[in-house]
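Everything below belongs to entry_30.cif, which stores mmCIF, C-alpha atoms and all ligand atoms.
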data_final
#
loop_
_atom_site.label_atom_id
_atom_site.label_comp_id
_atom_site.auth_asym_id
_atom_site.auth_seq_id
_atom_site.Cartn_x
_atom_site.Cartn_y
_atom_site.Cartn_z
CA MET A 281 27.03 6.60 -55.91
CA THR A 282 24.02 7.54 -53.81
CA GLU A 283 22.76 3.98 -53.26
CA PRO A 284 21.79 3.21 -49.66
CA PHE A 285 24.29 1.53 -47.37
CA PRO A 286 25.99 -1.22 -49.36
CA ILE A 287 25.80 -4.54 -47.51
CA LEU A 288 29.43 -4.52 -46.44
CA GLY A 289 29.17 -0.99 -45.15
CA GLU A 290 25.81 -1.60 -43.56
CA GLN A 291 26.92 -1.07 -40.00
CA THR A 292 29.57 1.53 -40.63
CA VAL A 293 29.47 5.17 -39.91
CA ARG A 294 28.71 7.11 -43.04
CA LEU A 295 30.08 10.51 -43.99
CA THR A 296 27.88 12.01 -46.70
CA VAL A 297 29.76 14.84 -48.40
CA HIS A 298 27.77 17.40 -50.35
CA LEU A 299 30.08 18.64 -53.08
CA GLY A 300 27.60 21.30 -54.18
CA THR A 301 27.76 22.79 -50.69
CA ALA A 302 31.57 22.92 -50.86
CA ARG A 303 31.18 24.79 -54.14
CA ALA A 304 28.66 27.19 -52.60
CA ASN A 305 30.97 27.88 -49.63
CA TYR A 306 33.84 28.52 -52.05
CA ARG A 307 31.68 31.03 -53.90
CA GLU A 308 30.66 32.74 -50.64
CA VAL A 309 34.32 33.02 -49.60
CA SER A 310 35.14 34.44 -53.06
CA ARG A 311 32.38 37.02 -52.72
CA ARG A 312 33.56 38.10 -49.27
CA ALA A 313 37.25 38.14 -50.18
CA SER A 314 36.91 39.79 -53.60
CA PRO A 315 39.05 41.01 -55.29
CA ALA A 316 41.53 38.69 -53.52
CA ALA A 317 41.94 35.23 -55.03
CA VAL A 318 40.82 32.20 -53.01
CA ALA A 319 43.31 29.37 -52.51
CA PRO A 320 41.52 26.57 -50.61
CA VAL A 321 43.35 24.64 -47.91
CA VAL A 322 42.86 20.89 -48.42
CA LYS A 323 45.34 19.51 -45.87
CA ALA A 324 44.51 16.56 -43.60
CA ASP A 325 42.66 14.80 -46.40
CA GLY A 326 40.56 17.85 -47.11
CA TYR A 327 39.57 18.27 -43.44
CA ALA A 328 38.57 14.57 -43.52
CA GLN A 329 36.18 15.09 -46.46
CA GLY A 330 38.50 13.58 -49.09
CA MET A 331 41.24 15.79 -50.50
CA ASP A 332 40.93 14.72 -54.14
CA GLN A 333 37.16 15.03 -54.36
CA ILE A 334 37.10 18.43 -52.66
CA ALA A 335 40.02 19.79 -54.68
CA LEU A 336 38.58 18.56 -57.99
CA THR A 337 35.22 20.10 -57.16
CA LEU A 338 36.74 23.46 -56.28
CA SER A 339 39.04 23.33 -59.26
CA GLN A 340 35.99 22.96 -61.51
CA ALA A 341 34.51 25.96 -59.68
CA GLY A 342 37.54 28.04 -60.60
CA ALA A 343 40.19 27.52 -57.89
CA ASP A 344 43.67 27.17 -59.38
CA THR A 345 45.82 27.35 -56.23
CA PHE A 346 45.68 25.02 -53.21
CA PHE A 347 47.47 24.62 -49.89
CA VAL A 348 48.40 21.33 -48.23
CA ALA A 349 50.46 20.76 -45.07
CA ARG A 350 52.70 17.81 -45.91
CA LEU A 351 54.89 17.05 -48.90
CA ALA A 352 53.16 13.65 -49.24
CA GLU A 353 49.79 15.42 -49.45
CA GLY A 354 51.19 17.63 -52.21
CA ILE A 355 52.45 14.63 -54.18
CA ALA A 356 49.04 12.96 -53.88
CA LEU A 357 47.20 16.14 -54.90
CA ARG A 358 49.47 16.61 -57.93
CA ARG A 359 48.15 13.30 -59.30
CA ALA A 360 44.57 14.56 -59.00
CA LEU A 361 45.26 18.07 -60.30
CA PRO A 362 48.00 18.11 -62.96
CA LYS A 363 47.70 21.86 -63.59
CA ALA A 364 47.00 23.50 -60.22
CA ARG A 365 49.54 25.46 -58.19
CA ILE A 366 50.11 23.57 -54.93
CA PHE A 367 51.77 25.19 -51.91
CA VAL A 368 53.18 22.91 -49.19
CA LEU A 369 52.95 24.64 -45.80
CA ASP A 370 55.50 22.42 -44.02
CA GLY A 371 58.18 23.81 -46.29
CA LEU A 372 61.54 22.24 -46.86
CA LEU A 373 62.79 19.37 -44.76
CA PRO A 374 66.49 18.76 -45.49
CA GLY A 375 67.01 16.99 -48.81
CA THR A 376 63.43 17.27 -50.07
CA ALA A 377 64.10 19.95 -52.70
CA PRO A 378 64.25 17.44 -55.61
CA ALA A 379 60.79 16.08 -54.72
CA PHE A 380 59.32 19.60 -54.98
CA VAL A 381 60.72 19.93 -58.47
CA THR A 382 59.72 16.43 -59.60
CA HIS A 383 56.12 16.94 -58.51
CA ARG A 384 55.99 20.64 -59.42
CA LEU A 385 55.12 21.66 -55.87
CA THR A 386 55.82 25.02 -54.31
CA PRO A 387 57.35 24.98 -50.83
CA VAL A 388 56.42 27.55 -48.21
CA LEU A 389 59.90 28.43 -46.92
CA ASN A 390 59.53 28.94 -43.18
CA ALA A 391 63.06 29.73 -42.02
CA TYR A 392 66.32 31.30 -43.17
CA ASP A 393 67.97 27.86 -43.57
CA GLU A 394 65.18 26.68 -45.86
CA ILE A 395 65.65 29.68 -48.12
CA VAL A 396 69.41 29.09 -48.22
CA GLU A 397 68.97 25.40 -49.08
CA TYR A 398 66.35 25.94 -51.77
CA SER A 399 68.29 28.79 -53.30
CA ALA A 400 71.53 26.74 -53.43
CA PHE A 401 69.62 23.84 -54.98
CA ALA A 402 68.15 26.10 -57.67
CA ARG A 403 71.51 27.67 -58.53
CA GLU A 404 73.14 24.23 -58.73
CA ARG A 405 70.49 23.14 -61.22
CA ARG A 406 70.69 26.51 -63.00
CA VAL A 407 66.95 27.00 -62.70
CA ARG A 408 64.69 29.55 -61.06
CA LEU A 409 62.21 27.93 -58.69
CA ASP A 410 58.94 29.28 -57.29
CA ALA A 411 58.62 29.42 -53.51
CA ALA A 412 56.48 31.14 -50.92
CA VAL A 413 58.19 32.86 -48.00
CA HIS A 414 56.44 32.74 -44.64
CA ILE A 415 57.08 35.58 -42.21
CA ASP A 416 56.18 35.14 -38.56
CA THR A 417 54.24 38.10 -37.18
CA GLY A 418 53.22 36.78 -33.78
CA MET A 419 52.53 33.03 -33.78
CA ASN A 420 56.12 31.89 -33.10
CA ARG A 421 55.23 28.61 -34.78
CA SER A 422 56.75 28.86 -38.23
CA GLY A 423 57.92 31.59 -40.54
CA LEU A 424 60.93 33.92 -40.45
CA SER A 425 61.62 35.46 -37.05
CA ARG A 426 62.40 39.17 -36.96
CA PRO A 427 66.21 38.65 -36.95
CA GLU A 428 65.87 36.13 -39.78
CA LEU A 429 63.73 38.57 -41.74
CA ASN A 430 66.44 41.22 -41.47
CA GLN A 431 69.07 38.71 -42.51
CA VAL A 432 67.04 37.63 -45.53
CA ALA A 433 66.37 41.26 -46.47
CA ALA A 434 70.10 42.05 -46.28
CA GLN A 435 71.03 39.08 -48.47
CA SER A 436 67.97 39.33 -50.68
CA ARG A 437 69.81 39.68 -54.00
CA GLU A 438 71.85 36.47 -53.72
CA LEU A 439 69.23 34.44 -51.81
CA PHE A 440 66.56 35.14 -54.40
CA SER A 441 68.77 34.78 -57.45
CA GLY A 442 67.49 31.21 -57.82
CA ILE A 443 64.09 31.74 -56.26
CA ASN A 444 61.06 33.45 -57.67
CA ILE A 445 58.97 34.62 -54.72
CA ALA A 446 55.49 33.42 -55.64
CA LEU A 447 53.94 34.53 -52.35
CA LEU A 448 54.82 36.36 -49.15
CA MET A 449 52.60 35.12 -46.36
CA SER A 450 51.92 35.21 -42.63
CA HIS A 451 49.31 33.70 -40.33
CA LEU A 452 47.05 35.29 -37.72
CA ALA A 453 46.93 34.02 -34.14
CA CYS A 454 43.61 35.53 -32.98
CA ALA A 455 41.58 36.15 -36.12
CA ASP A 456 38.50 34.48 -34.61
CA ASP A 457 38.34 37.35 -32.08
CA PRO A 458 38.01 40.68 -33.92
CA SER A 459 38.53 42.62 -30.68
CA ASP A 460 41.98 41.13 -30.07
CA ALA A 461 44.69 43.77 -30.42
CA LEU A 462 47.14 41.23 -31.83
CA ASN A 463 45.27 41.30 -35.18
CA GLN A 464 46.22 44.92 -35.93
CA LYS A 465 49.72 44.33 -34.56
CA GLN A 466 50.25 41.38 -36.90
CA LEU A 467 48.85 43.38 -39.82
CA ASP A 468 51.32 46.20 -39.13
CA ARG A 469 54.23 43.78 -38.78
CA PHE A 470 53.25 42.02 -42.01
CA ARG A 471 53.13 45.31 -43.92
CA ALA A 472 56.54 46.28 -42.52
CA ALA A 473 57.98 42.92 -43.58
CA LEU A 474 56.55 43.26 -47.11
CA ALA A 475 58.34 46.59 -47.43
CA LEU A 476 61.69 44.90 -46.67
CA LEU A 477 61.42 42.12 -49.25
CA PRO A 478 61.13 42.07 -53.06
CA ALA A 479 57.58 42.83 -54.24
CA ALA A 480 55.39 39.73 -54.53
CA PRO A 481 51.74 38.71 -54.04
CA ALA A 482 50.82 38.59 -50.35
CA SER A 483 48.55 36.47 -48.14
CA LEU A 484 47.55 36.85 -44.50
CA ALA A 485 44.00 35.62 -43.95
CA ALA A 486 42.67 32.10 -43.35
CA SER A 487 38.91 31.58 -42.83
CA ALA A 488 38.55 33.81 -39.78
CA GLY A 489 40.87 36.50 -41.14
CA ILE A 490 38.58 36.99 -44.15
CA GLN A 491 35.95 38.36 -41.74
CA LEU A 492 38.33 40.97 -40.28
CA GLY A 493 37.82 43.35 -43.18
CA LYS A 494 39.43 44.53 -46.41
CA ASP A 495 42.82 45.37 -44.85
CA TYR A 496 43.44 41.72 -44.12
CA LEU A 497 42.65 40.30 -47.57
CA PHE A 498 45.78 41.19 -49.59
CA ASP A 499 46.10 39.21 -52.86
CA ILE A 500 45.25 35.66 -51.79
CA VAL A 501 43.20 34.23 -48.91
CA ARG A 502 43.69 30.68 -47.58
CA PRO A 503 40.37 29.34 -46.27
CA GLY A 504 40.11 25.83 -44.87
CA LEU A 505 37.31 25.64 -42.30
CA ALA A 506 34.97 27.99 -44.23
CA ILE A 507 35.10 25.78 -47.33
CA TYR A 508 33.87 22.83 -45.26
CA GLY A 509 31.18 24.90 -43.57
CA GLY A 510 32.64 25.41 -40.12
CA ASN A 511 31.90 28.76 -38.48
CA PRO A 512 35.10 30.86 -38.35
CA ARG A 513 33.62 32.93 -35.50
CA SER A 514 31.79 30.70 -33.06
CA GLY A 515 29.07 32.65 -31.34
CA GLU A 516 28.04 34.59 -34.45
CA ALA A 517 25.81 33.47 -37.32
CA ASN A 518 27.64 31.10 -39.63
CA PRO A 519 27.96 32.48 -43.18
CA TYR A 520 28.72 28.98 -44.47
CA LYS A 521 26.92 25.64 -44.58
CA LEU A 522 28.33 22.36 -43.30
CA VAL A 523 29.35 20.22 -46.27
CA PHE A 524 28.81 16.88 -44.60
CA LYS A 525 26.53 14.75 -42.52
CA LEU A 526 27.93 12.06 -40.21
CA THR A 527 25.48 9.27 -39.56
CA ALA A 528 25.39 5.77 -38.09
CA ARG A 529 22.65 3.20 -37.67
CA ILE A 530 20.65 1.91 -34.75
CA LEU A 531 21.59 -1.70 -33.90
CA GLN A 532 19.19 -2.22 -31.00
CA VAL A 533 16.29 -0.58 -29.24
CA ARG A 534 15.98 -1.48 -25.54
CA ARG A 535 13.32 -0.66 -22.98
CA VAL A 536 14.64 -0.49 -19.41
CA GLU A 537 13.18 0.20 -15.98
CA VAL A 538 14.07 2.94 -13.50
CA GLY A 539 17.41 2.55 -11.74
CA GLU A 540 19.27 0.67 -14.48
CA THR A 541 22.82 1.70 -15.33
CA VAL A 542 24.25 2.05 -18.81
CA GLY A 543 27.67 1.41 -20.32
CA TYR A 544 31.24 1.26 -19.02
CA GLY A 545 31.69 2.66 -15.56
CA ALA A 546 27.90 2.63 -15.10
CA THR A 547 27.99 6.43 -15.26
CA PHE A 548 24.37 6.83 -16.41
CA GLU A 549 21.40 5.71 -14.36
CA THR A 550 17.82 5.78 -15.65
CA ARG A 551 15.48 8.01 -13.63
CA ARG A 552 12.37 6.93 -15.52
CA PRO A 553 11.35 3.93 -17.60
CA SER A 554 13.57 4.59 -20.61
CA VAL A 555 14.12 3.73 -24.23
CA LEU A 556 17.77 3.25 -25.05
CA VAL A 557 19.18 2.83 -28.53
CA THR A 558 22.54 1.30 -29.28
CA VAL A 559 24.28 2.80 -32.31
CA ALA A 560 27.07 1.35 -34.43
CA SER A 561 29.72 4.02 -33.89
CA GLY A 562 32.21 5.02 -31.24
CA TYR A 563 35.46 6.76 -30.46
CA ALA A 564 37.17 4.66 -33.14
CA ASP A 565 35.14 6.78 -35.57
CA GLY A 566 36.37 10.07 -34.17
CA LEU A 567 33.46 10.63 -31.79
CA THR A 568 35.30 11.57 -28.63
CA ARG A 569 34.20 10.64 -25.14
CA ALA A 570 34.16 14.33 -24.34
CA MET A 571 31.50 14.88 -27.03
CA GLY A 572 29.30 12.37 -25.26
CA ARG A 573 29.33 14.04 -21.90
CA GLN A 574 26.70 16.68 -22.62
CA GLY A 575 26.31 16.25 -26.33
CA ARG A 576 23.22 15.76 -28.42
CA VAL A 577 22.70 13.85 -31.63
CA ALA A 578 19.56 13.73 -33.79
CA ILE A 579 17.12 11.01 -34.72
CA ALA A 580 14.55 12.07 -37.34
CA GLY A 581 15.32 15.66 -36.41
CA CYS A 582 14.75 15.16 -32.64
CA ARG A 583 17.70 16.05 -30.45
CA VAL A 584 18.76 13.08 -28.32
CA PRO A 585 21.27 12.97 -25.41
CA PHE A 586 23.92 10.32 -24.91
CA ALA A 587 23.37 7.75 -22.16
CA GLY A 588 26.66 6.99 -20.45
CA ARG A 589 30.08 6.77 -21.97
CA ILE A 590 30.94 6.39 -25.63
CA SER A 591 32.71 3.07 -26.21
CA MET A 592 35.10 2.18 -28.97
CA ASP A 593 32.51 0.94 -31.47
CA LEU A 594 29.17 1.49 -29.77
CA ILE A 595 27.18 4.41 -28.44
CA THR A 596 24.07 4.31 -26.27
CA LEU A 597 21.51 7.10 -26.48
CA ASP A 598 18.58 8.01 -24.27
CA ALA A 599 15.83 8.06 -26.91
CA THR A 600 12.91 8.07 -24.46
CA ASP A 601 11.50 11.30 -25.91
CA VAL A 602 11.68 10.25 -29.56
CA PRO A 603 8.44 9.06 -31.20
CA ALA A 604 8.53 5.24 -31.08
CA ALA A 605 7.89 4.98 -34.82
CA GLU A 606 11.31 6.52 -35.52
CA LEU A 607 13.18 4.02 -33.37
CA THR A 608 13.61 1.09 -35.68
CA ARG A 609 16.54 -1.25 -36.04
CA GLY A 610 18.69 0.17 -38.84
CA ALA A 611 17.34 3.73 -38.55
CA GLU A 612 19.81 6.55 -39.08
CA VAL A 613 21.27 8.67 -36.28
CA GLU A 614 22.87 12.02 -37.15
CA PHE A 615 26.00 12.84 -35.14
CA LEU A 616 26.97 15.94 -37.09
CA GLY A 617 25.09 17.73 -39.85
CA GLU A 618 21.94 19.77 -40.26
CA HIS A 619 20.76 19.33 -36.65
CA VAL A 620 24.09 19.07 -34.85
CA SER A 621 26.66 21.68 -35.88
CA LEU A 622 30.42 21.31 -35.57
CA GLU A 623 30.25 24.18 -33.12
CA ASP A 624 27.61 22.41 -30.95
CA ALA A 625 29.81 19.32 -30.82
CA ALA A 626 32.94 21.36 -30.12
CA ARG A 627 31.26 23.26 -27.28
CA THR A 628 30.12 20.12 -25.49
CA ALA A 629 33.52 18.49 -26.00
CA GLY A 630 35.39 21.55 -24.70
CA THR A 631 37.28 21.97 -27.97
CA ILE A 632 37.05 23.83 -31.28
CA ASN A 633 35.38 23.00 -34.60
CA HIS A 634 38.78 22.46 -36.29
CA GLU A 635 39.59 19.57 -33.94
CA ILE A 636 36.20 17.88 -34.38
CA ILE A 637 36.34 17.97 -38.19
CA ALA A 638 40.01 16.95 -38.40
CA GLY A 639 39.35 14.07 -35.99
CA LEU A 640 36.68 12.41 -38.11
CA HIS A 641 38.03 8.96 -38.72
CA PRO A 642 38.53 7.36 -42.12
CA ARG A 643 36.70 4.22 -40.90
CA ALA A 644 33.57 6.06 -41.98
CA THR A 645 32.33 5.17 -45.44
CA ARG A 646 32.41 8.35 -47.49
CA VAL A 647 29.57 8.93 -49.91
CA TYR A 648 29.65 11.88 -52.30
CA VAL A 649 26.53 13.63 -53.48
CA GLU A 650 26.29 16.63 -55.78
CA ASP A 651 24.11 18.87 -53.62
C1 LIG B 701 45.43 25.40 -41.71
C2 LIG B 701 45.89 26.71 -42.22
C3 LIG B 701 45.00 27.56 -42.91
C4 LIG B 701 43.51 27.29 -42.99
O1 LIG B 701 42.96 27.63 -41.74
P1 LIG B 701 41.37 27.65 -41.49
O2 LIG B 701 41.21 28.24 -40.13
O3 LIG B 701 40.93 26.22 -41.51
O4 LIG B 701 40.75 28.45 -42.55
C5 LIG B 701 45.53 28.69 -43.52
N1 LIG B 701 46.84 29.01 -43.40
C6 LIG B 701 47.71 28.24 -42.70
C7 LIG B 701 49.13 28.65 -42.59
C8 LIG B 701 47.26 27.08 -42.07
O5 LIG B 701 48.10 26.33 -41.35
#
Translate the structure described by the file into structure tokens.
Amino acid sequence: MTEPFPILGEQTVRLTVHLGTARANYREVSRRASPAAVAPVVKADGYAQGMDQIALTLSQAGADTFFVARLAEGIALRRALPKARIFVLDGLLPGTAPAFVTHRLTPVLNAYDEIVEYSAFARERRVRLDAAVHIDTGMNRSGLSRPELNQVAAQSRELFSGINIALLMSHLACADDPSDALNQKQLDRFRAALALLPAAPASLAASAGIQLGKDYLFDIVRPGLAIYGGNPRSGEANPYKLVFKLTARILQVRRVEVGETVGYGATFETRRPSVLVTVASGYADGLTRAMGRQGRVAIAGCRVPFAGRISMDLITLDATDVPAAELTRGAEVEFLGEHVSLEDAARTAGTINHEIIAGLHPRATRVYVED
């Protein structure tokens, strides 16, 4: 499993995933969130790290509840984890209720109509089905609106005759900024909503919410980013460690004179005799052109700037300041990992760590290592 680049994957980008680090991050989240239970979010193919491998690893570490976004992700995860409880955040698209039952998945019901449909389906089948109910407290993205909440509360007895409320949840809009007044407002609204509905376990915090303090923990927390080692609060020390390293290999080393231009659009011009390296990766691998503008990568631990634009499959770097001995054909370049954090890459690309990690492309060969 840890063999060097197999011949066929020799020129591909490689995503090395450290499962032991995912386990350590899970334990750190558990410590911070205790006594709340930790239900990892493994949507979007486990934040591009491989949903099955991450979920199996965390399951062995003690996690028994997981969140995915799509129904199809839930169906796939059920095959990997026959016993886990799996919540599907998208909830109920019309007509999908039978699939939830077949695959023993729990929908997160996000609107009045979804509750009505699932409840009718359960009564028809004369069964009682588990579901989570999502209450909007300030995102206006999904979850019961305030009028819907009142409607559901008023009809609670009949609506929940076929439904066992497994979880009452909401989602924070500004949890990455502890000074934002919306956090407390959402907490108050969530508590008020809980008082209107039948008693059930509650969940409010994702990765950033866990750092807002005990009031925000409730019974279950739903970390995604933290599990993979992203920093929930950019600008502060990261309590977690990045689970992966994204690397590619040097195809060519070129020595060029002053005044040469590099790449499409000739946007980079050498101001000194320079050493350029051409690397086998590009925006087809999820490395965005915006990352290249002021970004840095690492060769043998030395930080190296991009030279010119990122192309689809190739990247040129200005490696003039790297010791020549490190610049060999086939040598490894680190795009994200120990020396280049998600947050560094996000800052230079003008985006956030979530978008960088979710954008990593499956063209990369994934290699799993234990620690
Ligand atoms: C994606 C998501 C999470 C996980 O968010 P992170 O910031 O990655 O921890 C939790 N809850 C909901 C509703 C989500 O959509």
| field | Ref. answer, residues at most 7 Å from (30.8, 14.6, -29.9) with all atoms listed in the file, as a VMD selection string | value | chain A and resid 567 to 568 570 to 572 575 625 629
| query | Residues at most 6 Å from ligand LIG 701 (chain B), using only C-alpha atoms and all ligand atoms? Could they come as a PyMOL selection string? | reply | chain A and resi 321+451+486-487+502-505
| task | Find the spatial neighbours of Asp325 (chain A), counting all atoms listed in the file, within a cut-off of 8 Å - ignore same-chain residues fewer than 6 positions away - and output them as a list in words. | result |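 Here the answer would be Met331, Asp332 and Glu353 of chain A.
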| task | Show which residues sit within 12 Å of Leu299 (chain A), as JSON, numbers by chain. Count only C-alpha atoms, and ignore same-chain residues fewer than 2 positions away. | result | {"A": [296, 297, 301, 302, 303, 304, 305, 306, 329, 330, 331, 332, 333, 334, 335, 336, 337, 338, 339, 340, 341, 507, 508, 509, 521, 522, 523, 524, 525, 646, 647, 648, 649, 650, 651]}
| Using all atoms listed in the file, which residues sit within 10 Å of Ser310 (chain A) once same-chain residues fewer than 5 positions away are excluded, as a VMD selection string? | chain A and resid 304 to 305 315 to 319 343 490 501 503
